[in-house]
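Trainee: Dumping the structure here so I can ask a few things about it.
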Amino acid sequence: MTSESTALDLETAYSTVSDTYRGADLDIHALCREMRHTSPVFEGDFVAQFGVPTNAGMQAGTRPTFALFKYQDVMAVLRDGASYTNGFIAEGLGAFFDGLIILAMDGEQHRSVRALLQPAFMPETVNKWRDKIDRVIRKDFLEPMVTLKKADLMDFGLNFPIREMYALMGFPEDDTQTYRQYAAWALAMVGGNQIDPAKAPEARRQAGIAVKSLYDAILKVVIQRRAEGSESDDLIGRLLRAEHEGRQLDDHEVTTFVRSLLPAAGETTSRTFSSVISLLLSTPGLLDRIRADRSLIGKLIDETVRYEPVATFKVRETSRDVEIRGVQIPKGSFVQCMVVSANRDEDAFENPDNFDIDRKTKPSFGFGFGPHMCIGQFVAKVELNCAINAILDLFPNVRLDPSQPAPLITGAQLRGASKVAVIWD
Ligand code: HEM
């Protein structure tokens, strides 16, 4: 590890990313509601007003841009990987991942890589990891906190998802310094996508260090594991053995994929945790219901992902001329799919602005939709489920701390609460 890279600590890296993606202090839900009614297919760069990066990097603003606000339109675009492609991400966000991320792949290349990776993330595999996930949450984080009787739950929320990924990948369980370093590097990669010209050079420098340091650290482990024969049930073992149509992943591919998983799995789960726990503790009557019936935690998570999706929009590029609701969209345009709007479309959800865990099950787009839908969603759901259960088990009568400000879910690009102050008996 170089002295440059160790200088980056987890809390600084997290707040840098939060600053980059929080954007202007506008009410995104109100703005989107207005657009659904007045301009459901908007010609222009809707997202620009928030001052947050899109995955298009420096290409943003260089070509015709449209924004979609309706459930049906967002679903149609996300599911059609032939007409709406992701390749442009390789030069935007992907530049901070050496261009090699599954999110930036299209068509046959994406299909074959996804088929290789998918089995390692299916519910039957992830359920086998549940005990390990639960043990990490309780032993490494929550049990040592019990006697404190008060905490900002984001001290836990910020740390546990990467710690989990680190454990699931099969890295040593007792090496807490290394996983914190990995977490900081993972965040520095996301933070490299900085659009403020004053901050961009330093953010990019840190991202460059992080990309290389993580690659070197993971490659060493991958080479060693392959040499040992890797019969293990953890993620790296499974990826080393994965096979689809006679093809296997080489060391470079396993390493780059594992590296891209850390940012994909860390911050998203931390922020979703912050929203799940905030809504659980602040929605009248909900805590008592969930305490009495833990089987409702699944619905709590699903409704949170609809109501406050972490990633508020997804961008695609048109690979041909298309028409949506009579609006002509030329080939090569950027299409901003406003997930945060589609998830609250009145034509798709009754009383969409109510947080209601009893609503009828229906797809929403907080984990995406179509070919790129989140491959790790079952991992995230098991982690969140274990975390909520453990908090209710270990912190008797846990509730919001009345002496502290109530948690606030904010952010124009990545939403979540930065602080969730609680007390217990
Ligand atoms: C609550 C936590 C999470 C949220 C909200 C979330 C959200 C998303 C979304 C919205 C996408 C689709 C991106 C697009 O269509 O452009 C996505 C893709 C992806 N996610 Fe997640 N994610 C979460 C956790 C995870 C975890 C735990 C992992 C890994 C274990 C993971 C790995 C991935 C990967 C690899 C992709 C790219 C899939 C592809 O391009 O085929 N995510 N995620």
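Identifiers in this document derive from the order of the structure tokens: chains are assigned A, B, ..., residues are numbered from 1 separately in each chain, and ligands are numbered from 1 in order of occurrence.
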With the cut-off set at 8 Å and counting only C-alpha atoms and all ligand atoms, tabulate each residue of chain A with an atom at most that distance from an atom of ligand 1, showing the nearest atom pair and its distance in Å to one decimal, ordered by chain and increasing number, as JSON lines.
Mentor:
```
{"residue": "A:Leu78", "atom": "CA", "partner": "ligand 1", "partner_atom_place_in_ligand_line": "15 (O)", "distance": 6.8}
{"residue": "A:Asn86", "atom": "CA", "partner": "ligand 1", "partner_atom_place_in_ligand_line": "16 (O)", "distance": 7.6}
{"residue": "A:Ile101", "atom": "CA", "partner": "ligand 1", "partner_atom_place_in_ligand_line": "40 (O)", "distance": 7.6}
{"residue": "A:Ile102", "atom": "CA", "partner": "ligand 1", "partner_atom_place_in_ligand_line": "40 (O)", "distance": 4.6}
{"residue": "A:Leu103", "atom": "CA", "partner": "ligand 1", "partner_atom_place_in_ligand_line": "40 (O)", "distance": 3.4}
{"residue": "A:Ala104", "atom": "CA", "partner": "ligand 1", "partner_atom_place_in_ligand_line": "40 (O)", "distance": 6.8}
{"residue": "A:Met105", "atom": "CA", "partner": "ligand 1", "partner_atom_place_in_ligand_line": "40 (O)", "distance": 7.0}
{"residue": "A:His110", "atom": "CA", "partner": "ligand 1", "partner_atom_place_in_ligand_line": "41 (O)", "distance": 6.9}
{"residue": "A:Arg114", "atom": "CA", "partner": "ligand 1", "partner_atom_place_in_ligand_line": "41 (O)", "distance": 6.0}
{"residue": "A:Phe121", "atom": "CA", "partner": "ligand 1", "partner_atom_place_in_ligand_line": "30 (C)", "distance": 7.2}
{"residue": "A:Pro161", "atom": "CA", "partner": "ligand 1", "partner_atom_place_in_ligand_line": "27 (C)", "distance": 7.5}
{"residue": "A:Met165", "atom": "CA", "partner": "ligand 1", "partner_atom_place_in_ligand_line": "30 (C)", "distance": 6.9}
{"residue": "A:Phe257", "atom": "CA", "partner": "ligand 1", "partner_atom_place_in_ligand_line": "35 (C)", "distance": 7.7}
{"residue": "A:Ser260", "atom": "CA", "partner": "ligand 1", "partner_atom_place_in_ligand_line": "35 (C)", "distance": 7.1}
{"residue": "A:Leu261", "atom": "CA", "partner": "ligand 1", "partner_atom_place_in_ligand_line": "29 (C)", "distance": 5.3}
{"residue": "A:Leu262", "atom": "CA", "partner": "ligand 1", "partner_atom_place_in_ligand_line": "29 (C)", "distance": 7.3}
{"residue": "A:Ala264", "atom": "CA", "partner": "ligand 1", "partner_atom_place_in_ligand_line": "31 (C)", "distance": 4.8}
{"residue": "A:Ala265", "atom": "CA", "partner": "ligand 1", "partner_atom_place_in_ligand_line": "26 (C)", "distance": 3.6}
{"residue": "A:Gly266", "atom": "CA", "partner": "ligand 1", "partner_atom_place_in_ligand_line": "27 (C)", "distance": 6.7}
{"residue": "A:Glu267", "atom": "CA", "partner": "ligand 1", "partner_atom_place_in_ligand_line": "2 (C)", "distance": 7.7}
{"residue": "A:Thr268", "atom": "CA", "partner": "ligand 1", "partner_atom_place_in_ligand_line": "2 (C)", "distance": 4.4}
{"residue": "A:Thr269", "atom": "CA", "partner": "ligand 1", "partner_atom_place_in_ligand_line": "2 (C)", "distance": 3.7}
{"residue": "A:Ser270", "atom": "CA", "partner": "ligand 1", "partner_atom_place_in_ligand_line": "2 (C)", "distance": 7.4}
{"residue": "A:Arg271", "atom": "CA", "partner": "ligand 1", "partner_atom_place_in_ligand_line": "1 (C)", "distance": 7.4}
{"residue": "A:Thr272", "atom": "CA", "partner": "ligand 1", "partner_atom_place_in_ligand_line": "1 (C)", "distance": 5.1}
{"residue": "A:Phe273", "atom": "CA", "partner": "ligand 1", "partner_atom_place_in_ligand_line": "1 (C)", "distance": 7.3}
{"residue": "A:Val305", "atom": "CA", "partner": "ligand 1", "partner_atom_place_in_ligand_line": "5 (C)", "distance": 6.9}
{"residue": "A:Pro309", "atom": "CA", "partner": "ligand 1", "partner_atom_place_in_ligand_line": "5 (C)", "distance": 6.5}
{"residue": "A:Val310", "atom": "CA", "partner": "ligand 1", "partner_atom_place_in_ligand_line": "5 (C)", "distance": 5.4}
{"residue": "A:Ala311", "atom": "CA", "partner": "ligand 1", "partner_atom_place_in_ligand_line": "10 (C)", "distance": 6.0}
{"residue": "A:Lys314", "atom": "CA", "partner": "ligand 1", "partner_atom_place_in_ligand_line": "16 (O)", "distance": 5.3}
{"residue": "A:Val315", "atom": "CA", "partner": "ligand 1", "partner_atom_place_in_ligand_line": "16 (O)", "distance": 6.9}
{"residue": "A:Arg316", "atom": "CA", "partner": "ligand 1", "partner_atom_place_in_ligand_line": "16 (O)", "distance": 7.8}
{"residue": "A:Phe365", "atom": "CA", "partner": "ligand 1", "partner_atom_place_in_ligand_line": "10 (C)", "distance": 6.7}
{"residue": "A:Gly366", "atom": "CA", "partner": "ligand 1", "partner_atom_place_in_ligand_line": "10 (C)", "distance": 5.2}
{"residue": "A:Phe367", "atom": "CA", "partner": "ligand 1", "partner_atom_place_in_ligand_line": "10 (C)", "distance": 3.8}
{"residue": "A:Gly368", "atom": "CA", "partner": "ligand 1", "partner_atom_place_in_ligand_line": "10 (C)", "distance": 3.9}
{"residue": "A:Phe369", "atom": "CA", "partner": "ligand 1", "partner_atom_place_in_ligand_line": "15 (O)", "distance": 6.4}
{"residue": "A:Gly370", "atom": "CA", "partner": "ligand 1", "partner_atom_place_in_ligand_line": "15 (O)", "distance": 7.5}
{"residue": "A:Pro371", "atom": "CA", "partner": "ligand 1", "partner_atom_place_in_ligand_line": "41 (O)", "distance": 6.0}
{"residue": "A:His372", "atom": "CA", "partner": "ligand 1", "partner_atom_place_in_ligand_line": "41 (O)", "distance": 3.6}
{"residue": "A:Met373", "atom": "CA", "partner": "ligand 1", "partner_atom_place_in_ligand_line": "12 (C)", "distance": 4.7}
{"residue": "A:Cys374", "atom": "CA", "partner": "ligand 1", "partner_atom_place_in_ligand_line": "18 (C)", "distance": 3.5}
{"residue": "A:Ile375", "atom": "CA", "partner": "ligand 1", "partner_atom_place_in_ligand_line": "33 (C)", "distance": 4.8}
{"residue": "A:Gly376", "atom": "CA", "partner": "ligand 1", "partner_atom_place_in_ligand_line": "28 (C)", "distance": 3.5}
{"residue": "A:Gln377", "atom": "CA", "partner": "ligand 1", "partner_atom_place_in_ligand_line": "24 (C)", "distance": 5.3}
{"residue": "A:Phe378", "atom": "CA", "partner": "ligand 1", "partner_atom_place_in_ligand_line": "27 (C)", "distance": 7.4}
{"residue": "A:Val379", "atom": "CA", "partner": "ligand 1", "partner_atom_place_in_ligand_line": "27 (C)", "distance": 5.1}
{"residue": "A:Ala380", "atom": "CA", "partner": "ligand 1", "partner_atom_place_in_ligand_line": "27 (C)", "distance": 4.3}
{"residue": "A:Lys381", "atom": "CA", "partner": "ligand 1", "partner_atom_place_in_ligand_line": "1 (C)", "distance": 6.9}
{"residue": "A:Leu384", "atom": "CA", "partner": "ligand 1", "partner_atom_place_in_ligand_line": "1 (C)", "distance": 7.8}
```
Trainee: Which residues are near Ala82 in chain A? Cut-off 8 Å, only C-alpha atoms, ignore same chain within fewer than 6 positions. Put them as a list in words.
Mentor: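 Listed by chain and then number, they are Asp106, Gly107 and Ser319 of chain A.
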Trainee: As JSON, numbers by chain, list the residues of range 5-160 of chain A assigned to alpha helix (DSSP H) by DSSP on the backbone atoms of this structure.
Mentor: {"A": [5, 6, 10, 11, 12, 13, 14, 15, 16, 17, 18, 19, 20, 21, 22, 28, 29, 30, 31, 32, 33, 34, 35, 36, 37, 38, 71, 72, 73, 74, 75, 76, 77, 78, 79, 107, 108, 109, 110, 111, 112, 113, 114, 115, 116, 117, 123, 124, 125, 126, 127, 128, 130, 131, 132, 133, 134, 135, 153, 154, 155, 156, 157, 160]}
Trainee: Under the rule that only C-alpha atoms are counted, which of A:Gly237, A:Gly87, A:Gly298, A:Gly192 is the nearest residue to Val222 in chain A?
Mentor: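 Closest to Val222 in chain A of all the choices is A:Gly237.
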Trainee: Assign secondary structure with DSSP using the backbone only, and return the residues of range 223-386 of chain A in strand (DSSP E) as an mmCIF file with N, CA, C and O atoms, in the first residue's frame.
Mentor:
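And here is the file that came out, out.cif:
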```cif
data_model
loop_
_atom_site.group_PDB
_atom_site.id
_atom_site.type_symbol
_atom_site.label_atom_id
_atom_site.label_comp_id
_atom_site.auth_asym_id
_atom_site.auth_seq_id
_atom_site.Cartn_x
_atom_site.Cartn_y
_atom_site.Cartn_z
ATOM 1 N N GLU A 243 -18.808 -21.130 -15.444
ATOM 2 C CA GLU A 243 -18.638 -21.515 -16.836
ATOM 3 C C GLU A 243 -19.935 -21.279 -17.585
ATOM 4 O O GLU A 243 -21.016 -21.566 -17.072
ATOM 5 N N HIS A 244 -19.841 -20.715 -18.796
ATOM 6 C CA HIS A 244 -21.034 -20.549 -19.633
ATOM 7 C C HIS A 244 -20.642 -20.801 -21.078
ATOM 8 O O HIS A 244 -19.701 -20.187 -21.583
ATOM 9 N N ARG A 247 -17.044 -21.203 -21.791
ATOM 10 C CA ARG A 247 -16.099 -20.117 -21.489
ATOM 11 C C ARG A 247 -15.997 -19.916 -19.982
ATOM 12 O O ARG A 247 -16.988 -20.054 -19.268
ATOM 13 N N GLN A 248 -14.801 -19.610 -19.516
ATOM 14 C CA GLN A 248 -14.591 -19.278 -18.104
ATOM 15 C C GLN A 248 -13.971 -17.887 -17.990
ATOM 16 O O GLN A 248 -13.459 -17.350 -18.976
ATOM 17 N N LYS A 314 -31.553 6.725 -14.374
ATOM 18 C CA LYS A 314 -30.623 5.903 -15.158
ATOM 19 C C LYS A 314 -30.579 6.478 -16.564
ATOM 20 O O LYS A 314 -31.625 6.830 -17.115
ATOM 21 N N VAL A 315 -29.395 6.582 -17.147
ATOM 22 C CA VAL A 315 -29.280 7.157 -18.490
ATOM 23 C C VAL A 315 -29.002 6.047 -19.509
ATOM 24 O O VAL A 315 -28.251 5.123 -19.224
ATOM 25 N N ARG A 316 -29.631 6.130 -20.658
ATOM 26 C CA ARG A 316 -29.363 5.228 -21.778
ATOM 27 C C ARG A 316 -29.121 6.072 -23.034
ATOM 28 O O ARG A 316 -29.547 7.223 -23.101
ATOM 29 N N GLU A 317 -28.482 5.451 -24.060
ATOM 30 C CA GLU A 317 -28.273 6.128 -25.332
ATOM 31 C C GLU A 317 -29.095 5.407 -26.402
ATOM 32 O O GLU A 317 -29.102 4.169 -26.440
ATOM 33 N N THR A 318 -29.773 6.164 -27.279
ATOM 34 C CA THR A 318 -30.567 5.500 -28.320
ATOM 35 C C THR A 318 -29.649 4.982 -29.427
ATOM 36 O O THR A 318 -28.794 5.711 -29.933
ATOM 37 N N VAL A 322 -36.095 6.745 -32.305
ATOM 38 C CA VAL A 322 -37.276 6.169 -31.636
ATOM 39 C C VAL A 322 -38.317 7.273 -31.452
ATOM 40 O O VAL A 322 -38.014 8.469 -31.599
ATOM 41 N N GLU A 323 -39.547 6.839 -31.127
ATOM 42 C CA GLU A 323 -40.604 7.800 -30.850
ATOM 43 C C GLU A 323 -41.283 7.392 -29.554
ATOM 44 O O GLU A 323 -41.662 6.231 -29.387
ATOM 45 N N ILE A 324 -41.406 8.316 -28.612
ATOM 46 C CA ILE A 324 -42.108 8.023 -27.356
ATOM 47 C C ILE A 324 -43.177 9.084 -27.150
ATOM 48 O O ILE A 324 -42.862 10.281 -27.141
ATOM 49 N N VAL A 327 -43.070 12.009 -29.368
ATOM 50 C CA VAL A 327 -41.840 12.820 -29.420
ATOM 51 C C VAL A 327 -40.763 12.016 -30.156
ATOM 52 O O VAL A 327 -40.498 10.858 -29.819
ATOM 53 N N GLN A 328 -40.184 12.643 -31.193
ATOM 54 C CA GLN A 328 -39.122 11.976 -31.960
ATOM 55 C C GLN A 328 -37.799 12.101 -31.205
ATOM 56 O O GLN A 328 -37.394 13.208 -30.838
ATOM 57 N N ILE A 329 -37.131 10.972 -30.995
ATOM 58 C CA ILE A 329 -35.832 10.982 -30.305
ATOM 59 C C ILE A 329 -34.805 10.390 -31.264
ATOM 60 O O ILE A 329 -34.860 9.205 -31.591
ATOM 61 N N PHE A 334 -29.155 10.993 -25.521
ATOM 62 C CA PHE A 334 -29.198 10.474 -24.155
ATOM 63 C C PHE A 334 -30.642 10.516 -23.660
ATOM 64 O O PHE A 334 -31.341 11.525 -23.874
ATOM 65 N N VAL A 335 -31.072 9.437 -23.001
ATOM 66 C CA VAL A 335 -32.419 9.390 -22.439
ATOM 67 C C VAL A 335 -32.281 9.197 -20.930
ATOM 68 O O VAL A 335 -31.729 8.193 -20.472
ATOM 69 N N GLN A 336 -32.740 10.195 -20.179
ATOM 70 C CA GLN A 336 -32.675 10.109 -18.710
ATOM 71 C C GLN A 336 -33.964 9.466 -18.217
ATOM 72 O O GLN A 336 -35.047 10.048 -18.349
ATOM 73 N N CYS A 337 -33.860 8.263 -17.691
ATOM 74 C CA CYS A 337 -35.044 7.556 -17.173
ATOM 75 C C CYS A 337 -35.186 7.947 -15.707
ATOM 76 O O CYS A 337 -34.389 7.516 -14.863
#
```
Trainee: Name all residues at most 12 Å from Phe171 in chain A (count only C-alpha atoms; drop same-chain ones fewer than 4 positions away) and give them as a VMD selection string.
Mentor: chain A and resid 162 to 167 175 to 176 178 to 179 182 217 to 218 220 to 222 224 to 225 232 234 to 237 258
Trainee: With range 393-410 of chain A as the partner and 9 Å as the cut-off, tabulate the residues of range 137-190 of chain A that qualify, each row holding the nearest pair of atoms and their distance in Å to one decimal, using only C-alpha atoms, sorted by chain and rising number, as a Markdown table.
Mentor:
```
| residue | atom | partner | partner_atom | distance |
| --- | --- | --- | --- | --- |
| A:Arg138 | CA | A:Leu394 | CA | 8.5 |
| A:Leu142 | CA | A:Leu394 | CA | 7.4 |
| A:Glu143 | CA | A:Leu394 | CA | 7.1 |
| A:Met145 | CA | A:Phe395 | CA | 8.9 |
| A:Val146 | CA | A:Phe395 | CA | 6.3 |
| A:Lys149 | CA | A:Phe395 | CA | 7.6 |
| A:Lys150 | CA | A:Asp401 | CA | 7.8 |
| A:Ala151 | CA | A:Asp401 | CA | 8.8 |
```
Trainee: Include N, CA, C and O atoms and write out the residues we just selected as a JSON list (two decimals), in the first residue's frame.
Mentor:
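Result saved to out22.json:
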```
[["chain", "number", "residue", "atom", "x", "y", "z"],
["A", 138, "ARG", "N", -23.93, -8.92, 13.57],
["A", 138, "ARG", "CA", -24.08, -8.96, 15.03],
["A", 138, "ARG", "C", -22.74, -8.87, 15.75],
["A", 138, "ARG", "O", -22.56, -8.04, 16.64],
["A", 142, "LEU", "N", -23.00, -4.82, 15.86],
["A", 142, "LEU", "CA", -24.08, -4.41, 16.76],
["A", 142, "LEU", "C", -23.88, -4.87, 18.20],
["A", 142, "LEU", "O", -24.17, -4.12, 19.14],
["A", 143, "GLU", "N", -23.38, -6.10, 18.42],
["A", 143, "GLU", "CA", -23.22, -6.55, 19.80],
["A", 143, "GLU", "C", -22.29, -5.63, 20.60],
["A", 143, "GLU", "O", -22.62, -5.26, 21.73],
["A", 145, "MET", "N", -22.07, -2.61, 20.41],
["A", 145, "MET", "CA", -22.71, -1.31, 20.63],
["A", 145, "MET", "C", -23.81, -1.36, 21.70],
["A", 145, "MET", "O", -24.28, -0.30, 22.15],
["A", 146, "VAL", "N", -24.24, -2.57, 22.10],
["A", 146, "VAL", "CA", -25.46, -2.71, 22.92],
["A", 146, "VAL", "C", -25.43, -1.83, 24.17],
["A", 146, "VAL", "O", -26.40, -1.14, 24.50],
["A", 149, "LYS", "N", -26.38, 2.33, 24.39],
["A", 149, "LYS", "CA", -27.77, 2.81, 24.52],
["A", 149, "LYS", "C", -28.10, 4.00, 23.63],
["A", 149, "LYS", "O", -29.21, 4.53, 23.70],
["A", 150, "LYS", "N", -27.17, 4.45, 22.85],
["A", 150, "LYS", "CA", -27.48, 5.46, 21.83],
["A", 150, "LYS", "C", -26.42, 5.40, 20.73],
["A", 150, "LYS", "O", -25.28, 4.98, 20.99],
["A", 151, "ALA", "N", -26.82, 5.77, 19.53],
["A", 151, "ALA", "CA", -25.85, 5.72, 18.42],
["A", 151, "ALA", "C", -26.41, 6.45, 17.22],
["A", 151, "ALA", "O", -27.62, 6.67, 17.11]]
```
Trainee: Could you name the residues that touch Leu279 in chain A at 9 Å or less, counting only C-alpha atoms, but leaving out those on the same chain fewer than 3 positions away, as a PyMOL selection string?
Mentor: chain A and resi 274-276+282-283+286+300+304+355+407
Trainee: Take the residues from that selection and put them in a file with N, CA, C and O atoms, as a tab-separated table (two decimals), in the first residue's frame.
Mentor:
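Okay, this is what ended up in selection.tsv:
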```
chain	number	residue	atom	x	y	z
A	274	SER	N	-30.07	3.42	5.23
A	274	SER	CA	-30.43	4.66	5.92
A	274	SER	C	-31.89	5.02	5.68
A	274	SER	O	-32.60	5.47	6.59
A	275	SER	N	-32.38	4.77	4.47
A	275	SER	CA	-33.77	5.10	4.17
A	275	SER	C	-34.73	4.10	4.81
A	275	SER	O	-35.77	4.48	5.34
A	276	VAL	N	-34.37	2.80	4.77
A	276	VAL	CA	-35.24	1.77	5.37
A	276	VAL	C	-35.41	2.06	6.86
A	276	VAL	O	-36.54	2.11	7.37
A	282	SER	N	-39.81	6.34	11.62
A	282	SER	CA	-40.58	7.60	11.62
A	282	SER	C	-42.01	7.46	11.08
A	282	SER	O	-42.78	8.41	11.16
A	283	THR	N	-42.38	6.30	10.54
A	283	THR	CA	-43.76	6.12	10.05
A	283	THR	C	-44.64	5.66	11.20
A	283	THR	O	-44.37	4.60	11.79
A	286	LEU	N	-45.64	1.81	12.42
A	286	LEU	CA	-44.95	0.77	11.64
A	286	LEU	C	-44.00	-0.08	12.50
A	286	LEU	O	-43.95	-1.30	12.35
A	300	LEU	N	-41.21	-4.03	3.81
A	300	LEU	CA	-40.64	-2.74	4.21
A	300	LEU	C	-39.50	-2.35	3.26
A	300	LEU	O	-39.41	-1.20	2.80
A	304	THR	N	-39.55	0.71	0.49
A	304	THR	CA	-38.54	1.77	0.59
A	304	THR	C	-37.84	1.97	-0.76
A	304	THR	O	-37.61	3.10	-1.19
A	355	PHE	N	-46.23	6.24	1.99
A	355	PHE	CA	-45.33	5.11	2.26
A	355	PHE	C	-46.19	4.00	2.85
A	355	PHE	O	-46.68	4.11	3.97
A	407	PRO	N	-34.04	12.06	11.10
A	407	PRO	CA	-33.30	11.78	9.86
A	407	PRO	C	-34.00	12.34	8.64
A	407	PRO	O	-35.24	12.35	8.59
```
Trainee: With only C-alpha atoms as the atoms that count, which of A:Phe349, A:Trp185, A:Phe160, A:Phe46 lies nearest to Lys212 in chain A?
Mentor: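 The shortest atom-to-atom distance to Lys212 in chain A comes from A:Trp185.
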Trainee: Need to verify the contact set: Glu11 in chain A, 12 Å, only C-alpha atoms, exclusion of same-chain residues closer than 4 positions in sequence. Can you return it as a ChimeraX atom specification?
Mentor: /A:7,15-18,154-159,180-181,183-185,187-188,267,418
Trainee: Please, could you write that set of residues out with N, CA, C and O atoms as a CSV table (one decimal), in the first residue's frame?
Mentor:
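Listing of result.csv after writing:
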```
chain,number,residue,atom,x,y,z
A,7,ALA,N,-3.7,7.5,2.8
A,7,ALA,CA,-4.2,8.8,3.3
A,7,ALA,C,-5.7,8.9,3.2
A,7,ALA,O,-6.3,9.8,3.8
A,15,SER,N,-18.1,11.1,2.6
A,15,SER,CA,-18.7,12.4,2.5
A,15,SER,C,-18.3,13.1,1.1
A,15,SER,O,-19.1,13.9,0.6
A,16,THR,N,-17.2,12.8,0.5
A,16,THR,CA,-16.9,13.3,-0.8
A,16,THR,C,-17.9,12.8,-1.8
A,16,THR,O,-18.4,13.6,-2.6
A,17,VAL,N,-18.2,11.5,-1.7
A,17,VAL,CA,-19.2,11.0,-2.7
A,17,VAL,C,-20.6,11.6,-2.4
A,17,VAL,O,-21.3,12.0,-3.3
A,18,SER,N,-20.9,11.8,-1.1
A,18,SER,CA,-22.2,12.4,-0.8
A,18,SER,C,-22.3,13.8,-1.4
A,18,SER,O,-23.3,14.2,-2.0
A,154,MET,N,-25.8,5.3,11.3
A,154,MET,CA,-25.0,5.3,10.0
A,154,MET,C,-23.6,5.0,10.3
A,154,MET,O,-22.8,4.7,9.4
A,155,ASP,N,-23.1,5.0,11.6
A,155,ASP,CA,-21.8,4.6,11.9
A,155,ASP,C,-21.7,3.1,11.5
A,155,ASP,O,-20.7,2.6,11.0
A,156,PHE,N,-22.8,2.4,11.7
A,156,PHE,CA,-22.9,1.0,11.4
A,156,PHE,C,-23.2,0.9,9.9
A,156,PHE,O,-22.6,0.1,9.1
A,157,GLY,N,-24.2,1.7,9.4
A,157,GLY,CA,-24.7,1.5,8.0
A,157,GLY,C,-23.7,1.8,7.0
A,157,GLY,O,-23.7,1.2,5.9
A,158,LEU,N,-22.8,2.7,7.3
A,158,LEU,CA,-21.7,3.0,6.3
A,158,LEU,C,-20.7,1.9,6.2
A,158,LEU,O,-20.2,1.7,5.1
A,159,ASN,N,-20.5,1.2,7.2
A,159,ASN,CA,-19.4,0.1,7.2
A,159,ASN,C,-19.9,-1.3,6.9
A,159,ASN,O,-19.1,-2.0,6.2
A,180,ARG,N,-11.6,-1.7,5.5
A,180,ARG,CA,-11.9,-0.3,5.5
A,180,ARG,C,-11.1,0.4,4.4
A,180,ARG,O,-11.6,1.4,3.8
A,181,GLN,N,-9.9,0.0,4.1
A,181,GLN,CA,-9.2,0.5,3.0
A,181,GLN,C,-9.8,0.3,1.7
A,181,GLN,O,-10.0,1.1,0.8
A,183,ALA,N,-13.0,-0.3,1.2
A,183,ALA,CA,-14.2,0.5,1.2
A,183,ALA,C,-13.9,2.0,0.7
A,183,ALA,O,-14.6,2.6,-0.1
A,184,ALA,N,-12.8,2.5,1.3
A,184,ALA,CA,-12.4,3.9,0.9
A,184,ALA,C,-12.0,4.0,-0.6
A,184,ALA,O,-12.4,4.9,-1.3
A,185,TRP,N,-11.3,3.0,-1.0
A,185,TRP,CA,-10.9,3.0,-2.5
A,185,TRP,C,-12.2,2.9,-3.3
A,185,TRP,O,-12.3,3.5,-4.4
A,187,LEU,N,-15.1,3.9,-2.8
A,187,LEU,CA,-15.8,5.2,-2.8
A,187,LEU,C,-15.0,6.2,-3.6
A,187,LEU,O,-15.6,7.0,-4.3
A,188,ALA,N,-13.7,6.1,-3.6
A,188,ALA,CA,-12.9,7.1,-4.4
A,188,ALA,C,-13.1,6.8,-5.9
A,188,ALA,O,-13.1,7.8,-6.7
A,267,GLU,N,-22.0,1.5,-1.3
A,267,GLU,CA,-22.7,2.8,-1.0
A,267,GLU,C,-24.2,2.6,-1.2
A,267,GLU,O,-25.0,3.2,-0.5
A,418,SER,N,-28.0,11.0,6.0
A,418,SER,CA,-26.6,10.9,6.4
A,418,SER,C,-26.5,10.6,7.9
A,418,SER,O,-25.4,10.1,8.3
```
